[in-house]
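Undergrad: File name work21.cif; file contents mmCIF, C-alpha atoms; full text below.
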data_coords
loop_
_atom_site.group_PDB
_atom_site.id
_atom_site.type_symbol
_atom_site.label_atom_id
_atom_site.label_comp_id
_atom_site.auth_asym_id
_atom_site.auth_seq_id
_atom_site.Cartn_x
_atom_site.Cartn_y
_atom_site.Cartn_z
ATOM 1 C CA MET C 1 0.000 0.000 0.000
ATOM 2 C CA PRO C 2 1.478 3.398 -0.946
ATOM 3 C CA THR C 3 2.245 5.860 1.808
ATOM 4 C CA ILE C 4 0.010 8.935 1.779
ATOM 5 C CA LEU C 5 1.736 12.164 2.798
ATOM 6 C CA LYS C 6 0.004 14.155 5.522
ATOM 7 C CA LYS C 7 0.466 17.859 5.029
ATOM 8 C CA LYS C 8 -0.127 18.653 8.715
ATOM 9 C CA TYR C 9 3.082 16.777 9.609
ATOM 10 C CA GLY C 10 5.146 18.172 6.730
ATOM 11 C CA GLN C 11 6.037 14.635 5.697
ATOM 12 C CA ASN C 12 8.728 13.781 3.176
ATOM 13 C CA PHE C 13 9.860 10.210 2.627
ATOM 14 C CA LEU C 14 13.315 9.014 1.654
ATOM 15 C CA ILE C 15 13.290 6.932 -1.516
ATOM 16 C CA ASP C 16 16.936 7.062 -2.579
ATOM 17 C CA ASN C 17 19.097 4.239 -1.195
ATOM 18 C CA ASN C 18 22.222 6.335 -1.758
ATOM 19 C CA ILE C 19 20.907 8.960 0.669
ATOM 20 C CA THR C 20 19.859 6.423 3.314
ATOM 21 C CA ASN C 21 23.306 4.821 3.074
ATOM 22 C CA LYS C 22 25.069 8.194 3.405
ATOM 23 C CA ILE C 23 23.027 9.025 6.503
ATOM 24 C CA ALA C 24 23.573 5.609 8.094
ATOM 25 C CA ASN C 25 27.302 5.806 7.366
ATOM 26 C CA LEU C 26 27.454 8.794 9.716
ATOM 27 C CA ILE C 27 26.916 6.331 12.581
ATOM 28 C CA PRO C 28 30.495 5.881 13.839
ATOM 29 C CA SER C 29 30.314 2.360 15.249
ATOM 30 C CA GLU C 30 28.151 -0.617 16.171
ATOM 31 C CA ASN C 31 26.473 -1.186 19.524
ATOM 32 C CA LEU C 32 25.249 2.395 20.023
ATOM 33 C CA LYS C 33 21.945 3.536 21.487
ATOM 34 C CA THR C 34 20.271 5.263 18.542
ATOM 35 C CA LEU C 35 17.259 7.583 18.243
ATOM 36 C CA GLU C 36 15.460 8.132 14.957
ATOM 37 C CA ILE C 37 12.962 10.991 14.890
ATOM 38 C CA GLY C 38 10.223 10.636 12.309
ATOM 39 C CA PRO C 39 11.069 7.224 10.860
ATOM 40 C CA GLY C 40 8.042 7.360 8.566
ATOM 41 C CA ASN C 41 7.767 4.078 6.688
ATOM 42 C CA GLY C 42 11.112 2.760 7.988
ATOM 43 C CA LYS C 43 13.292 3.114 4.881
ATOM 44 C CA LEU C 44 16.149 4.749 6.804
ATOM 45 C CA THR C 45 15.433 2.503 9.799
ATOM 46 C CA ASP C 46 16.151 -0.560 7.659
ATOM 47 C CA THR C 47 19.593 0.856 6.854
ATOM 48 C CA ILE C 48 20.294 1.892 10.455
ATOM 49 C CA ILE C 49 19.575 -1.676 11.590
ATOM 50 C CA THR C 50 22.535 -2.862 9.498
ATOM 51 C CA LYS C 51 24.766 -0.735 11.775
ATOM 52 C CA LYS C 52 23.795 -3.064 14.651
ATOM 53 C CA PRO C 53 22.687 -0.545 17.294
ATOM 54 C CA SER C 54 22.397 -1.863 20.860
ATOM 55 C CA SER C 55 18.983 -0.215 20.929
ATOM 56 C CA LEU C 56 17.015 1.793 18.401
ATOM 57 C CA THR C 57 14.204 4.084 19.503
ATOM 58 C CA LEU C 58 11.814 5.322 16.840
ATOM 59 C CA VAL C 59 9.607 8.331 17.588
ATOM 60 C CA GLU C 60 6.811 8.772 15.040
ATOM 61 C CA ILE C 61 3.990 11.324 15.406
ATOM 62 C CA ASP C 62 1.718 9.813 12.737
ATOM 63 C CA LYS C 63 -0.564 7.161 14.253
ATOM 64 C CA ASP C 64 -0.965 5.306 10.940
ATOM 65 C CA LEU C 65 2.780 5.132 10.318
ATOM 66 C CA ASN C 66 3.322 4.093 13.931
ATOM 67 C CA GLU C 67 1.026 1.102 13.375
ATOM 68 C CA CYS C 68 2.962 0.238 10.209
ATOM 69 C CA LEU C 69 6.257 0.377 12.111
ATOM 70 C CA LEU C 70 4.887 -1.780 14.939
ATOM 71 C CA GLY C 71 3.970 -4.476 12.432
ATOM 72 C CA LYS C 72 7.179 -4.175 10.432
ATOM 73 C CA TYR C 73 9.512 -4.435 13.434
ATOM 74 C CA LEU C 74 7.414 -6.708 15.635
ATOM 75 C CA ASN C 75 10.157 -9.348 15.850
ATOM 76 C CA VAL C 76 13.125 -6.981 16.271
ATOM 77 C CA SER C 77 13.852 -7.033 19.993
ATOM 78 C CA ASN C 78 16.114 -3.990 20.247
ATOM 79 C CA ILE C 79 13.626 -1.550 18.658
ATOM 80 C CA ASN C 80 11.366 0.628 20.802
ATOM 81 C CA ILE C 81 8.601 2.450 18.907
ATOM 82 C CA ILE C 82 6.958 5.513 20.436
ATOM 83 C CA ASN C 83 3.906 7.252 18.948
ATOM 84 C CA ALA C 84 4.440 10.839 20.080
ATOM 85 C CA ASP C 85 5.434 14.346 19.091
ATOM 86 C CA ILE C 86 9.200 14.531 19.747
ATOM 87 C CA LEU C 87 8.777 18.183 20.756
ATOM 88 C CA LYS C 88 6.524 17.089 23.643
ATOM 89 C CA ILE C 89 8.597 14.263 25.094
#
The structure given in the file should be rewritten as structure tokens.

TA:
Amino acid sequence: MPTILKKKYGQNFLIDNNITNKIANLIPSENLKTLEIGPGNGKLTDTIITKKPSSLTLVEIDKDLNECLLGKYLNVSNINIINADILKI
């Protein structure tokens, strides 16, 4: 199912693997506690996982995307998904 952008959140989704790789390559080492703000549909998250973080916290404001992330990463034990506005937590 295609992701529908919600104007009220100012959503933009990464689609270029080169960009996700460049961002993930900024992570200096494995086994770090990592926070991703606004993971959206998880495209960057998938690349971050390859960096083997000790824990990965995802904070997503969009309830629909949060549900998608919960299903997608259900069996990944080191991921914590929070449905909240990062500016309020």

Undergrad: Please compute the CA of Asp46 (chain C)-CA of Ile15 (chain C) distance, one decimal, in Å.

TA: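 Going from CA of Asp46 (chain C) over to CA of Ile15 (chain C) covers 12.2 Å.
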
Undergrad: Could you list the residues chosen by the PyMOL selection byres ((chain C and resi 8-11) around 9) in this structure as a PyMOL selection string?

TA: chain C and resi 5-7+12-13+38+40+61-62

Undergrad: Residues around (5.3, 6.8, 18.5), cut-off 10 Å, counting all atoms listed in the file - what are they as a PyMOL selection string?

TA: chain C and resi 37-39+57-67+69-70+80-86

Undergrad: Which is closest to Leu44 (chain C) among C:Val76, C:Cys68, C:Ile89, C:Leu14, if we use all atoms listed in the file?

TA: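 Of the candidates, the smallest distance to Leu44 (chain C) is held by C:Leu14.
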
Undergrad: Would you translate the PyMOL selection byres ((chain C and resi 18-33) around 6) into the concrete set of residues it matches in this file, as a list in words?

TA: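 Selected by the PyMOL selection byres ((chain C and resi 18-33) around 6) in this file: Asp16, Asn17, Thr34, Leu44, Ile48, Lys51, Lys52, Pro53, Ser54 and Ser55 of chain C.
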
Undergrad: In Å, rounded to a single decimal, give me how far CA of Lys88 (chain C) is from CA of Asn75 (chain C).

TA: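 Interatomic distance, CA of Asn75 (chain C) to CA of Lys88 (chain C): 27.8 Å.
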
Undergrad: Kindly compute an axis-aligned box around the listed atoms of region 37-48 of chain C, allowing 6 Å on each side, and express its centre and edge lengths in Å to one decimal as JSON.

TA:
{"center_x": 14.0, "center_y": 5.2, "center_z": 9.9, "size_x": 24.5, "size_y": 23.6, "size_z": 22.0}

Undergrad: Which one is closest to Gly71 (chain C): C:Asn41, C:Leu35, C:Leu87, C:Ile49? Count only C-alpha atoms.

TA: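 Closest to Gly71 (chain C) of all the choices is C:Asn41.
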
Undergrad: How would region 47-69 of chain C of the given structure read as a file with N, CA, C and O atoms, as a PDB file, in the first residue's frame?

TA:
ATOM      1  N   THR C  47      18.157   0.677   7.053  1.00  0.00           N
ATOM      2  CA  THR C  47      19.593   0.856   6.854  1.00  0.00           C
ATOM      3  C   THR C  47      20.308   1.014   8.190  1.00  0.00           C
ATOM      4  O   THR C  47      21.401   0.483   8.380  1.00  0.00           O
ATOM      5  N   ILE C  48      19.692   1.721   9.125  1.00  0.00           N
ATOM      6  CA  ILE C  48      20.294   1.892  10.455  1.00  0.00           C
ATOM      7  C   ILE C  48      20.459   0.538  11.142  1.00  0.00           C
ATOM      8  O   ILE C  48      21.465   0.294  11.813  1.00  0.00           O
ATOM      9  N   ILE C  49      19.509  -0.348  10.973  1.00  0.00           N
ATOM     10  CA  ILE C  49      19.575  -1.676  11.590  1.00  0.00           C
ATOM     11  C   ILE C  49      20.848  -2.415  11.170  1.00  0.00           C
ATOM     12  O   ILE C  49      21.435  -3.157  11.959  1.00  0.00           O
ATOM     13  N   THR C  50      21.317  -2.192   9.959  1.00  0.00           N
ATOM     14  CA  THR C  50      22.535  -2.862   9.498  1.00  0.00           C
ATOM     15  C   THR C  50      23.767  -2.384  10.263  1.00  0.00           C
ATOM     16  O   THR C  50      24.810  -3.042  10.218  1.00  0.00           O
ATOM     17  N   LYS C  51      23.667  -1.262  10.961  1.00  0.00           N
ATOM     18  CA  LYS C  51      24.766  -0.735  11.775  1.00  0.00           C
ATOM     19  C   LYS C  51      24.792  -1.361  13.169  1.00  0.00           C
ATOM     20  O   LYS C  51      25.609  -1.019  14.001  1.00  0.00           O
ATOM     21  N   LYS C  52      23.862  -2.272  13.418  1.00  0.00           N
ATOM     22  CA  LYS C  52      23.795  -3.064  14.651  1.00  0.00           C
ATOM     23  C   LYS C  52      23.786  -2.203  15.923  1.00  0.00           C
ATOM     24  O   LYS C  52      24.657  -2.338  16.788  1.00  0.00           O
ATOM     25  N   PRO C  53      22.780  -1.329  16.061  1.00  0.00           N
ATOM     26  CA  PRO C  53      22.687  -0.545  17.294  1.00  0.00           C
ATOM     27  C   PRO C  53      22.326  -1.451  18.476  1.00  0.00           C
ATOM     28  O   PRO C  53      21.648  -2.464  18.292  1.00  0.00           O
ATOM     29  N   SER C  54      22.780  -1.081  19.679  1.00  0.00           N
ATOM     30  CA  SER C  54      22.397  -1.863  20.860  1.00  0.00           C
ATOM     31  C   SER C  54      20.913  -1.677  21.136  1.00  0.00           C
ATOM     32  O   SER C  54      20.234  -2.602  21.579  1.00  0.00           O
ATOM     33  N   SER C  55      20.417  -0.476  20.879  1.00  0.00           N
ATOM     34  CA  SER C  55      18.983  -0.215  20.929  1.00  0.00           C
ATOM     35  C   SER C  55      18.664   0.875  19.920  1.00  0.00           C
ATOM     36  O   SER C  55      19.505   1.728  19.626  1.00  0.00           O
ATOM     37  N   LEU C  56      17.460   0.813  19.387  1.00  0.00           N
ATOM     38  CA  LEU C  56      17.015   1.793  18.401  1.00  0.00           C
ATOM     39  C   LEU C  56      15.618   2.243  18.801  1.00  0.00           C
ATOM     40  O   LEU C  56      14.690   1.440  18.843  1.00  0.00           O
ATOM     41  N   THR C  57      15.492   3.517  19.138  1.00  0.00           N
ATOM     42  CA  THR C  57      14.204   4.084  19.503  1.00  0.00           C
ATOM     43  C   THR C  57      13.689   4.907  18.331  1.00  0.00           C
ATOM     44  O   THR C  57      14.399   5.773  17.822  1.00  0.00           O
ATOM     45  N   LEU C  58      12.468   4.611  17.923  1.00  0.00           N
ATOM     46  CA  LEU C  58      11.814   5.322  16.840  1.00  0.00           C
ATOM     47  C   LEU C  58      10.693   6.162  17.427  1.00  0.00           C
ATOM     48  O   LEU C  58       9.854   5.635  18.152  1.00  0.00           O
ATOM     49  N   VAL C  59      10.679   7.462  17.123  1.00  0.00           N
ATOM     50  CA  VAL C  59       9.607   8.331  17.588  1.00  0.00           C
ATOM     51  C   VAL C  59       8.868   8.857  16.363  1.00  0.00           C
ATOM     52  O   VAL C  59       9.424   9.624  15.580  1.00  0.00           O
ATOM     53  N   GLU C  60       7.627   8.415  16.204  1.00  0.00           N
ATOM     54  CA  GLU C  60       6.811   8.772  15.040  1.00  0.00           C
ATOM     55  C   GLU C  60       5.498   9.398  15.516  1.00  0.00           C
ATOM     56  O   GLU C  60       4.776   8.809  16.310  1.00  0.00           O
ATOM     57  N   ILE C  61       5.197  10.600  15.019  1.00  0.00           N
ATOM     58  CA  ILE C  61       3.990  11.324  15.406  1.00  0.00           C
ATOM     59  C   ILE C  61       2.730  10.780  14.740  1.00  0.00           C
ATOM     60  O   ILE C  61       1.648  10.813  15.313  1.00  0.00           O
ATOM     61  N   ASP C  62       2.858  10.264  13.536  1.00  0.00           N
ATOM     62  CA  ASP C  62       1.718   9.813  12.737  1.00  0.00           C
ATOM     63  C   ASP C  62       1.239   8.443  13.225  1.00  0.00           C
ATOM     64  O   ASP C  62       1.980   7.458  13.169  1.00  0.00           O
ATOM     65  N   LYS C  63       0.003   8.392  13.701  1.00  0.00           N
ATOM     66  CA  LYS C  63      -0.564   7.161  14.253  1.00  0.00           C
ATOM     67  C   LYS C  63      -0.577   6.026  13.229  1.00  0.00           C
ATOM     68  O   LYS C  63      -0.269   4.875  13.564  1.00  0.00           O
ATOM     69  N   ASP C  64      -0.910   6.344  11.978  1.00  0.00           N
ATOM     70  CA  ASP C  64      -0.965   5.306  10.940  1.00  0.00           C
ATOM     71  C   ASP C  64       0.417   4.730  10.649  1.00  0.00           C
ATOM     72  O   ASP C  64       0.587   3.516  10.526  1.00  0.00           O
ATOM     73  N   LEU C  65       1.415   5.609  10.548  1.00  0.00           N
ATOM     74  CA  LEU C  65       2.780   5.132  10.318  1.00  0.00           C
ATOM     75  C   LEU C  65       3.309   4.370  11.521  1.00  0.00           C
ATOM     76  O   LEU C  65       4.051   3.396  11.378  1.00  0.00           O
ATOM     77  N   ASN C  66       2.913   4.794  12.722  1.00  0.00           N
ATOM     78  CA  ASN C  66       3.322   4.093  13.931  1.00  0.00           C
ATOM     79  C   ASN C  66       2.826   2.646  13.893  1.00  0.00           C
ATOM     80  O   ASN C  66       3.577   1.717  14.201  1.00  0.00           O
ATOM     81  N   GLU C  67       1.583   2.453  13.484  1.00  0.00           N
ATOM     82  CA  GLU C  67       1.026   1.102  13.375  1.00  0.00           C
ATOM     83  C   GLU C  67       1.802   0.278  12.346  1.00  0.00           C
ATOM     84  O   GLU C  67       2.081  -0.900  12.566  1.00  0.00           O
ATOM     85  N   CYS C  68       2.159   0.904  11.242  1.00  0.00           N
ATOM     86  CA  CYS C  68       2.962   0.238  10.209  1.00  0.00           C
ATOM     87  C   CYS C  68       4.309  -0.209  10.774  1.00  0.00           C
ATOM     88  O   CYS C  68       4.745  -1.340  10.560  1.00  0.00           O
ATOM     89  N   LEU C  69       4.946   0.686  11.514  1.00  0.00           N
ATOM     90  CA  LEU C  69       6.257   0.377  12.111  1.00  0.00           C
ATOM     91  C   LEU C  69       6.148  -0.747  13.135  1.00  0.00           C
ATOM     92  O   LEU C  69       7.010  -1.628  13.199  1.00  0.00           O
TER      93      LEU C  69
END
